[in-house]
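Report on one structure; see the data block that follows.
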Amino acid sequence: MRQFATADAVLLSEDHGVRQNLAFLKSLIPALYRAGVSSIAMEFGGVEQQAELDRLVTGPRYDETVARNLMFRYDSGWPLRDYWDVYRAAWAFNQTLPSGARPFRILNLTYRLAWEEMGGPMTPATARRVFHEGPVDPYRARLIQQEVLDKGDKTLAFVGWPHAITRFKLPLYDYNAPGFVRWESRNLGHVLHAENPGRIRSVILHAPFASADGMGLVQPARGVLEQAFASHGAPCAFDLHGPAGDLHDASAHAVGDPGFTMRDFADGYIILDRLGNLEGCELDMAYVTPATFDDARRRFPRELRAQPRTLEEYWASARAFVDIRRRYASVMT
């Protein structure tokens with residue numbers, strides 16, 4: 001909570017699908033509220049369902065079917081129960097508040113992407129149909145600005161790491177750029193940081209980094225943080241403006257900058273457990289059924305994932321995604 005002493009929005013980054021990350025997020029709600037933070041802003045969730053979600057987390061009775069349907073209507077390819085179980089945690093906390101107190105809110109950050117309009121390779125014309133409200137991260141930044149910052153409120157945004165970075169510019173290969181590296185600075189955190197200097201922080205939940213050669217994964221800070229956790233033996237957090245920030249990192253983040261350190265990447269770093277102990281989220285087998293598969297397949301996000309041909313293929317892909325031991329096998333110690 002120290003970050004909120006001087007910040008109005010903290011972007012907490014996750015590697016998607018890790019059970020411990022969602023459990024940690026849910027556990028933070030009471031402390032966030034005491035610190036004057038009125039919401040968790042979540043990458044996964046559609047603004048079209050915001051009013052219905054507000055009713056769910058403030059109502060007298062929690063309805064898991066409503067929660068599941070809210071996520072399904074946003075992303076038919078996301079059967080990870082832990083994500084919409086954050087709604088239950090917010091509802092349960094709101095039940096403890098006295099009458100008339102301001103409720104804790106879950107703020108959806110993304111509009112529903114029209115994947116059914118893709119119909120071929122991703123081109124600018126296709127993207128205008130799928131991303132019909134415009135580029136996603138500037139959209140999310142405007143939403144946080146309007147719904148939180150402009151109102152004098154505070155929020156914890158739970159997003160994938162590329163969206164959480166603020167000062168760090170993402171190095172991308174560009175055959176026309178000097179040194180063949182182009183520096184990307186238009187993500188969610190970049191936009192918020194530029195518009196609200198001094199008010200935005202970036203905190204990273206422990207996960208592997210992509211390797212500099214693009215061939216796999218590596219441990220952050222050349223494994224030093226993982227070793228520190230092993231000796232400490234309990235969840236720990238590091239202020240990357242302190243000594244931990246001096247640690248050198250040789251991952252894909254350091255491409256184009258041989259002196260890159262963890263301080264250059266973010267403001268804070270949290271280790272909940274060693275990479276080898278992290279587990280995948282729970283799959284909800286009621287999320288997609290034979291009766292709903294055709295609709296799920298039609299709207300399935302497929303820029304990075306293959307559209308499933310059968311229900312069996314859908315679940316095989318989902319099980320592979322939450323198989324964290326397989327995903328992290330190359331960096332386990």
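Ligands are numbered from 1 in the order shown, residues from 1 within each chain, and chains are lettered A, B, ... in the order they appear in the structure tokens.
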Neighbours of segment 313-316 of chain A within 10 Å (only C-alpha atoms; same-chain residues fewer than 3 positions away dropped), as a compact mmCIF listing (two decimals) with all heavy atoms, in the first residue's frame?
# COMPACT_ATOMS: atom_id res chain seq x y z
N GLY A 77 -13.30 -17.00 -24.80
CA GLY A 77 -12.14 -17.88 -24.69
C GLY A 77 -11.43 -17.79 -23.35
O GLY A 77 -10.26 -18.16 -23.27
N PRO A 79 -12.14 -19.16 -19.86
CA PRO A 79 -12.89 -19.92 -18.85
C PRO A 79 -12.16 -20.07 -17.53
O PRO A 79 -12.25 -21.12 -16.87
CB PRO A 79 -13.07 -21.28 -19.55
CG PRO A 79 -11.80 -21.45 -20.32
CD PRO A 79 -11.45 -20.05 -20.82
N LEU A 283 -10.23 -24.01 -14.25
CA LEU A 283 -11.11 -23.92 -15.41
C LEU A 283 -12.54 -24.21 -14.97
O LEU A 283 -12.80 -25.15 -14.22
CB LEU A 283 -10.69 -24.91 -16.50
CG LEU A 283 -9.30 -24.69 -17.10
CD1 LEU A 283 -9.03 -25.76 -18.17
CD2 LEU A 283 -9.17 -23.31 -17.70
N MET A 285 -15.82 -25.64 -16.17
CA MET A 285 -16.32 -26.45 -17.28
C MET A 285 -17.74 -26.07 -17.70
O MET A 285 -18.22 -26.55 -18.73
CB MET A 285 -16.25 -27.93 -16.91
CG MET A 285 -14.85 -28.41 -16.54
SD MET A 285 -13.59 -28.00 -17.79
CE MET A 285 -14.10 -29.08 -19.14
N VAL A 288 -18.24 -23.00 -21.27
CA VAL A 288 -18.64 -23.30 -22.63
C VAL A 288 -19.16 -24.73 -22.66
O VAL A 288 -18.48 -25.64 -22.19
CB VAL A 288 -17.47 -23.14 -23.63
CG1 VAL A 288 -17.87 -23.57 -25.03
CG2 VAL A 288 -16.98 -21.70 -23.66
N PHE A 293 -21.17 -23.65 -27.63
CA PHE A 293 -19.87 -23.68 -28.29
C PHE A 293 -19.86 -22.90 -29.60
O PHE A 293 -18.89 -22.19 -29.90
CB PHE A 293 -19.43 -25.12 -28.56
CG PHE A 293 -18.17 -25.20 -29.38
CD1 PHE A 293 -16.96 -24.76 -28.86
CD2 PHE A 293 -18.20 -25.66 -30.69
CE1 PHE A 293 -15.79 -24.80 -29.62
CE2 PHE A 293 -17.04 -25.71 -31.45
CZ PHE A 293 -15.83 -25.27 -30.91
N ALA A 296 -19.44 -19.38 -28.80
CA ALA A 296 -18.10 -19.16 -28.25
C ALA A 296 -17.05 -19.19 -29.35
O ALA A 296 -16.14 -18.37 -29.38
CB ALA A 296 -17.79 -20.23 -27.20
N ARG A 297 -17.17 -20.12 -30.27
CA ARG A 297 -16.20 -20.25 -31.37
C ARG A 297 -16.27 -19.04 -32.29
O ARG A 297 -15.25 -18.50 -32.72
CB ARG A 297 -16.46 -21.52 -32.16
CG ARG A 297 -15.48 -21.75 -33.29
CD ARG A 297 -15.78 -23.05 -34.04
NE ARG A 297 -14.74 -23.31 -35.03
CZ ARG A 297 -14.71 -22.77 -36.24
NH1 ARG A 297 -15.68 -21.93 -36.62
NH2 ARG A 297 -13.74 -23.04 -37.08
N PHE A 300 -14.54 -16.16 -30.59
CA PHE A 300 -13.28 -16.52 -29.92
C PHE A 300 -12.14 -15.59 -30.32
O PHE A 300 -11.91 -15.35 -31.51
CB PHE A 300 -12.91 -17.96 -30.30
CG PHE A 300 -11.77 -18.53 -29.50
CD1 PHE A 300 -12.00 -19.12 -28.26
CD2 PHE A 300 -10.47 -18.49 -29.98
CE1 PHE A 300 -10.96 -19.65 -27.52
CE2 PHE A 300 -9.42 -19.01 -29.25
CZ PHE A 300 -9.66 -19.59 -28.02
N ALA A 306 -5.37 -19.88 -31.76
CA ALA A 306 -6.09 -20.47 -32.89
C ALA A 306 -7.56 -20.68 -32.53
O ALA A 306 -7.88 -21.09 -31.42
CB ALA A 306 -5.45 -21.80 -33.27
N GLN A 307 -8.43 -20.40 -33.47
CA GLN A 307 -9.85 -20.62 -33.26
C GLN A 307 -10.11 -22.12 -33.16
O GLN A 307 -9.76 -22.88 -34.06
CB GLN A 307 -10.65 -20.02 -34.41
CG GLN A 307 -12.15 -20.08 -34.22
CD GLN A 307 -12.88 -19.51 -35.43
OE1 GLN A 307 -12.42 -19.66 -36.56
NE2 GLN A 307 -13.99 -18.85 -35.19
N PRO A 308 -10.72 -22.61 -32.08
CA PRO A 308 -10.93 -24.05 -31.93
C PRO A 308 -11.97 -24.57 -32.92
O PRO A 308 -12.98 -23.90 -33.17
CB PRO A 308 -11.41 -24.19 -30.48
CG PRO A 308 -12.06 -22.87 -30.18
CD PRO A 308 -11.25 -21.84 -30.93
N ARG A 309 -11.74 -25.75 -33.41
CA ARG A 309 -12.69 -26.36 -34.36
C ARG A 309 -13.76 -27.17 -33.65
O ARG A 309 -14.86 -27.34 -34.17
CB ARG A 309 -11.94 -27.24 -35.35
CG ARG A 309 -11.03 -26.47 -36.30
CD ARG A 309 -10.07 -27.38 -37.02
NE ARG A 309 -9.12 -27.99 -36.09
CZ ARG A 309 -8.12 -28.78 -36.43
NH1 ARG A 309 -7.95 -29.08 -37.72
NH2 ARG A 309 -7.31 -29.28 -35.53
N THR A 310 -13.44 -27.70 -32.47
CA THR A 310 -14.36 -28.53 -31.71
C THR A 310 -14.33 -28.12 -30.25
O THR A 310 -13.40 -27.44 -29.79
CB THR A 310 -13.98 -30.02 -31.82
OG1 THR A 310 -12.70 -30.21 -31.18
CG2 THR A 310 -13.89 -30.47 -33.27
N ARG A 319 -6.67 -26.04 -21.17
CA ARG A 319 -5.85 -26.80 -20.21
C ARG A 319 -4.37 -26.54 -20.44
O ARG A 319 -3.59 -26.42 -19.48
CB ARG A 319 -6.16 -28.29 -20.32
CG ARG A 319 -7.48 -28.69 -19.67
CD ARG A 319 -7.62 -30.19 -19.57
NE ARG A 319 -7.74 -30.81 -20.88
CZ ARG A 319 -8.89 -31.01 -21.51
NH1 ARG A 319 -10.04 -30.63 -20.94
NH2 ARG A 319 -8.93 -31.59 -22.69
N ALA A 320 -3.96 -26.43 -21.69
CA ALA A 320 -2.56 -26.14 -21.99
C ALA A 320 -2.17 -24.76 -21.48
O ALA A 320 -1.06 -24.56 -20.97
CB ALA A 320 -2.30 -26.25 -23.49
N PHE A 321 -3.08 -23.80 -21.59
CA PHE A 321 -2.77 -22.44 -21.16
C PHE A 321 -2.53 -22.36 -19.66
O PHE A 321 -1.66 -21.61 -19.20
CB PHE A 321 -3.91 -21.50 -21.57
CG PHE A 321 -3.66 -20.07 -21.20
CD1 PHE A 321 -2.75 -19.30 -21.91
CD2 PHE A 321 -4.32 -19.49 -20.13
CE1 PHE A 321 -2.50 -17.98 -21.57
CE2 PHE A 321 -4.10 -18.17 -19.78
CZ PHE A 321 -3.18 -17.41 -20.49
Exercise. Can you list every residue in segment 247-330 of chain A that DSSP puts in alpha helix (DSSP H), as a list in words?
Worked result: Phe293, Asp294, Asp295, Ala296, Arg297, Arg298, Leu311, Glu312, Glu313, Tyr314, Trp315, Ala316, Ser317, Ala318, Arg319, Ala320, Phe321, Ile324, Arg325, Arg326 and Arg327 of chain A
Show me, as a PDB file with all heavy atoms, in the first residue's frame, the residues that have an atom within 9 Å of segment 133-136 of chain A when counting only C-alpha atoms, minus same-chain residues fewer than 6 positions from it.
ATOM      1  N   THR A 110     -11.996  -2.757 -20.740  1.00  0.00           N
ATOM      2  CA  THR A 110     -11.931  -3.009 -22.181  1.00  0.00           C
ATOM      3  C   THR A 110     -13.326  -3.120 -22.765  1.00  0.00           C
ATOM      4  O   THR A 110     -14.223  -3.663 -22.130  1.00  0.00           O
ATOM      5  CB  THR A 110     -11.160  -4.314 -22.467  1.00  0.00           C
ATOM      6  OG1 THR A 110      -9.976  -4.345 -21.673  1.00  0.00           O
ATOM      7  CG2 THR A 110     -10.769  -4.425 -23.936  1.00  0.00           C
ATOM      8  N   TYR A 111     -13.527  -2.620 -23.963  1.00  0.00           N
ATOM      9  CA  TYR A 111     -14.785  -2.872 -24.665  1.00  0.00           C
ATOM     10  C   TYR A 111     -14.731  -4.266 -25.306  1.00  0.00           C
ATOM     11  O   TYR A 111     -13.650  -4.842 -25.460  1.00  0.00           O
ATOM     12  CB  TYR A 111     -15.042  -1.804 -25.725  1.00  0.00           C
ATOM     13  CG  TYR A 111     -13.978  -1.664 -26.794  1.00  0.00           C
ATOM     14  CD1 TYR A 111     -14.014  -2.435 -27.957  1.00  0.00           C
ATOM     15  CD2 TYR A 111     -12.920  -0.757 -26.661  1.00  0.00           C
ATOM     16  CE1 TYR A 111     -13.045  -2.310 -28.944  1.00  0.00           C
ATOM     17  CE2 TYR A 111     -11.948  -0.632 -27.633  1.00  0.00           C
ATOM     18  CZ  TYR A 111     -12.013  -1.416 -28.760  1.00  0.00           C
ATOM     19  OH  TYR A 111     -11.038  -1.306 -29.739  1.00  0.00           O
ATOM     20  N   LEU A 113     -14.263  -6.821 -27.873  1.00  0.00           N
ATOM     21  CA  LEU A 113     -13.637  -6.833 -29.195  1.00  0.00           C
ATOM     22  C   LEU A 113     -14.438  -7.735 -30.133  1.00  0.00           C
ATOM     23  O   LEU A 113     -14.814  -8.848 -29.766  1.00  0.00           O
ATOM     24  CB  LEU A 113     -12.189  -7.328 -29.083  1.00  0.00           C
ATOM     25  CG  LEU A 113     -11.336  -6.593 -28.038  1.00  0.00           C
ATOM     26  CD1 LEU A 113      -9.921  -7.147 -28.022  1.00  0.00           C
ATOM     27  CD2 LEU A 113     -11.321  -5.096 -28.308  1.00  0.00           C
ATOM     28  N   ALA A 127      -8.519  -4.629 -38.423  1.00  0.00           N
ATOM     29  CA  ALA A 127      -8.390  -4.111 -37.060  1.00  0.00           C
ATOM     30  C   ALA A 127      -9.459  -3.062 -36.764  1.00  0.00           C
ATOM     31  O   ALA A 127      -9.977  -2.993 -35.641  1.00  0.00           O
ATOM     32  CB  ALA A 127      -6.997  -3.523 -36.857  1.00  0.00           C
ATOM     33  N   ASN A 187       1.666   2.273 -24.629  1.00  0.00           N
ATOM     34  CA  ASN A 187       0.834   1.352 -23.875  1.00  0.00           C
ATOM     35  C   ASN A 187       0.089   2.083 -22.764  1.00  0.00           C
ATOM     36  O   ASN A 187       0.303   3.266 -22.513  1.00  0.00           O
ATOM     37  CB  ASN A 187       1.684   0.215 -23.312  1.00  0.00           C
ATOM     38  CG  ASN A 187       2.218  -0.707 -24.412  1.00  0.00           C
ATOM     39  OD1 ASN A 187       2.032  -0.434 -25.596  1.00  0.00           O
ATOM     40  ND2 ASN A 187       2.874  -1.777 -24.028  1.00  0.00           N
ATOM     41  N   LEU A 188      -0.785   1.359 -22.071  1.00  0.00           N
ATOM     42  CA  LEU A 188      -1.634   1.949 -21.036  1.00  0.00           C
ATOM     43  C   LEU A 188      -0.826   2.759 -20.025  1.00  0.00           C
ATOM     44  O   LEU A 188      -1.124   3.926 -19.755  1.00  0.00           O
ATOM     45  CB  LEU A 188      -2.409   0.829 -20.328  1.00  0.00           C
ATOM     46  CG  LEU A 188      -3.120   1.196 -19.028  1.00  0.00           C
ATOM     47  CD1 LEU A 188      -4.180   2.260 -19.266  1.00  0.00           C
ATOM     48  CD2 LEU A 188      -3.727  -0.054 -18.389  1.00  0.00           C
TER      49      LEU A 188
END
Env of Phe104 of chain A: 10 Å cut, atoms = only C-alpha atoms, seq-sep filter 2 positions within chain, self excluded. Answer as a short mmCIF file (atom, residue, chain, number, x, y, z; two decimals) with C-alpha atoms, in the first residue's frame.
data_model
loop_
_atom_site.label_atom_id
_atom_site.label_comp_id
_atom_site.auth_asym_id
_atom_site.auth_seq_id
_atom_site.Cartn_x
_atom_site.Cartn_y
_atom_site.Cartn_z
CA ILE A 29 -9.38 -5.52 -1.22
CA PRO A 30 -9.79 -4.65 2.50
CA LEU A 32 -6.99 -1.10 -0.55
CA TYR A 33 -10.24 0.28 0.82
CA VAL A 37 -8.54 3.03 -3.06
CA SER A 38 -12.08 2.64 -4.35
CA SER A 39 -11.66 0.11 -7.15
CA ILE A 40 -9.75 -2.60 -8.92
CA ASP A 54 -21.90 -2.83 -10.39
CA VAL A 57 -21.01 -6.60 -6.46
CA THR A 58 -23.34 -4.32 -4.50
CA ALA A 90 -15.63 -7.49 -3.95
CA TRP A 91 -19.24 -8.47 -3.20
CA PHE A 93 -16.26 -7.15 1.16
CA ASN A 94 -19.13 -4.82 0.34
CA LEU A 97 -19.58 -2.17 4.98
CA ALA A 101 -20.71 3.57 2.87
CA ARG A 102 -19.17 3.87 -0.56
CA ILE A 106 -14.57 -3.62 -10.02
CA LEU A 107 -13.99 -1.45 -13.09
#
Exercise. Near Leu278 of chain A, counting only C-alpha atoms, which residues have an atom at most 8 Å away, once you skip same-chain residues fewer than 2 positions from it, shown as a ChimeraX atom specification?
Worked result: /A:18-20,273-276,280,324-325
For this session: Identify which of the residues A:Ser13, A:Thr126, A:Gln95, A:Ser185 lies closest to Pro171 of chain A, counting only C-alpha atoms when measuring atom-to-atom distances.
Result: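 Smallest distance to Pro171 of chain A is found for A:Ser185.
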Identify, with DSSP run on backbone atoms, the residues in segment 98-210 of chain A assigned to strand (DSSP E), and express the list as a compact mmCIF listing (two decimals) with N, CA and C atoms, in the first residue's frame.
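Wrote states.txt, looks like this:
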# COMPACT_ATOMS: atom_id res chain seq x y z
N ARG A 105 -15.51 -1.14 -5.94
CA ARG A 105 -15.96 -1.37 -7.31
C ARG A 105 -14.93 -2.16 -8.11
N ILE A 106 -15.40 -3.01 -9.00
CA ILE A 106 -14.57 -3.62 -10.02
C ILE A 106 -14.86 -2.89 -11.33
N LEU A 107 -13.83 -2.28 -11.89
CA LEU A 107 -13.99 -1.45 -13.09
C LEU A 107 -13.46 -2.20 -14.31
N ASN A 108 -14.34 -2.50 -15.24
CA ASN A 108 -13.92 -3.14 -16.48
C ASN A 108 -13.20 -2.13 -17.37
N LEU A 109 -12.08 -2.57 -17.96
CA LEU A 109 -11.23 -1.64 -18.70
C LEU A 109 -11.33 -1.74 -20.22
N THR A 110 -12.00 -2.76 -20.74
CA THR A 110 -11.93 -3.01 -22.18
C THR A 110 -13.33 -3.12 -22.76
N THR A 155 -7.06 3.90 -7.89
CA THR A 155 -7.39 2.55 -8.34
C THR A 155 -6.14 1.70 -8.43
N LEU A 156 -6.34 0.39 -8.30
CA LEU A 156 -5.32 -0.61 -8.59
C LEU A 156 -5.72 -1.28 -9.89
N ALA A 157 -4.92 -1.12 -10.94
CA ALA A 157 -5.23 -1.74 -12.24
C ALA A 157 -4.49 -3.06 -12.35
N PHE A 158 -5.23 -4.13 -12.61
CA PHE A 158 -4.68 -5.48 -12.72
C PHE A 158 -4.64 -5.85 -14.20
N VAL A 159 -3.43 -5.84 -14.78
CA VAL A 159 -3.29 -5.96 -16.23
C VAL A 159 -2.05 -6.79 -16.56
N GLY A 160 -1.97 -7.25 -17.80
CA GLY A 160 -0.76 -7.92 -18.26
C GLY A 160 0.41 -6.95 -18.30
N LEU A 170 9.36 -0.13 -24.41
CA LEU A 170 9.49 -1.50 -24.86
C LEU A 170 10.32 -1.58 -26.13
N PRO A 171 11.46 -2.32 -26.13
CA PRO A 171 12.27 -2.43 -27.35
C PRO A 171 11.68 -3.45 -28.33
N LEU A 172 11.46 -3.02 -29.54
CA LEU A 172 10.91 -3.89 -30.58
C LEU A 172 11.84 -3.88 -31.79
N TYR A 173 11.93 -5.02 -32.45
CA TYR A 173 12.74 -5.10 -33.67
C TYR A 173 12.14 -4.23 -34.76
N VAL A 181 16.35 -1.35 -33.38
CA VAL A 181 15.45 -1.34 -32.23
C VAL A 181 14.59 -0.08 -32.28
N ARG A 182 13.28 -0.27 -32.16
CA ARG A 182 12.33 0.84 -32.02
C ARG A 182 11.76 0.78 -30.61
N TRP A 183 11.62 1.94 -29.99
CA TRP A 183 11.17 2.00 -28.60
C TRP A 183 9.70 2.36 -28.53
N GLU A 184 8.88 1.41 -28.06
CA GLU A 184 7.42 1.59 -28.02
C GLU A 184 7.01 2.25 -26.70
N ILE A 200 1.42 7.89 -11.18
CA ILE A 200 1.22 6.52 -11.65
C ILE A 200 2.42 5.66 -11.26
N ARG A 201 2.18 4.45 -10.78
CA ARG A 201 3.25 3.53 -10.42
C ARG A 201 3.03 2.20 -11.14
N SER A 202 4.15 1.49 -11.35
CA SER A 202 4.12 0.18 -11.99
C SER A 202 4.75 -0.84 -11.06
N VAL A 203 4.02 -1.91 -10.75
CA VAL A 203 4.50 -2.98 -9.87
C VAL A 203 4.33 -4.31 -10.59
N ILE A 204 5.37 -5.15 -10.56
CA ILE A 204 5.40 -6.38 -11.33
C ILE A 204 5.23 -7.58 -10.40
N LEU A 205 4.30 -8.49 -10.73
CA LEU A 205 4.21 -9.77 -10.06
C LEU A 205 5.18 -10.74 -10.72
N PHE A 209 10.63 -13.64 -17.83
CA PHE A 209 10.75 -12.66 -18.90
C PHE A 209 11.09 -13.40 -20.20
N ALA A 210 10.75 -12.81 -21.31
CA ALA A 210 11.18 -13.36 -22.60
C ALA A 210 12.69 -13.20 -22.73
Problem set entry | Between atom CA of Asp85 of chain A and atom CA of Lys26 of chain A - distance in Å to one decimal |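 About the pair atom CA of Lys26 of chain A and atom CA of Asp85 of chain A: they are 8.4 Å apart.
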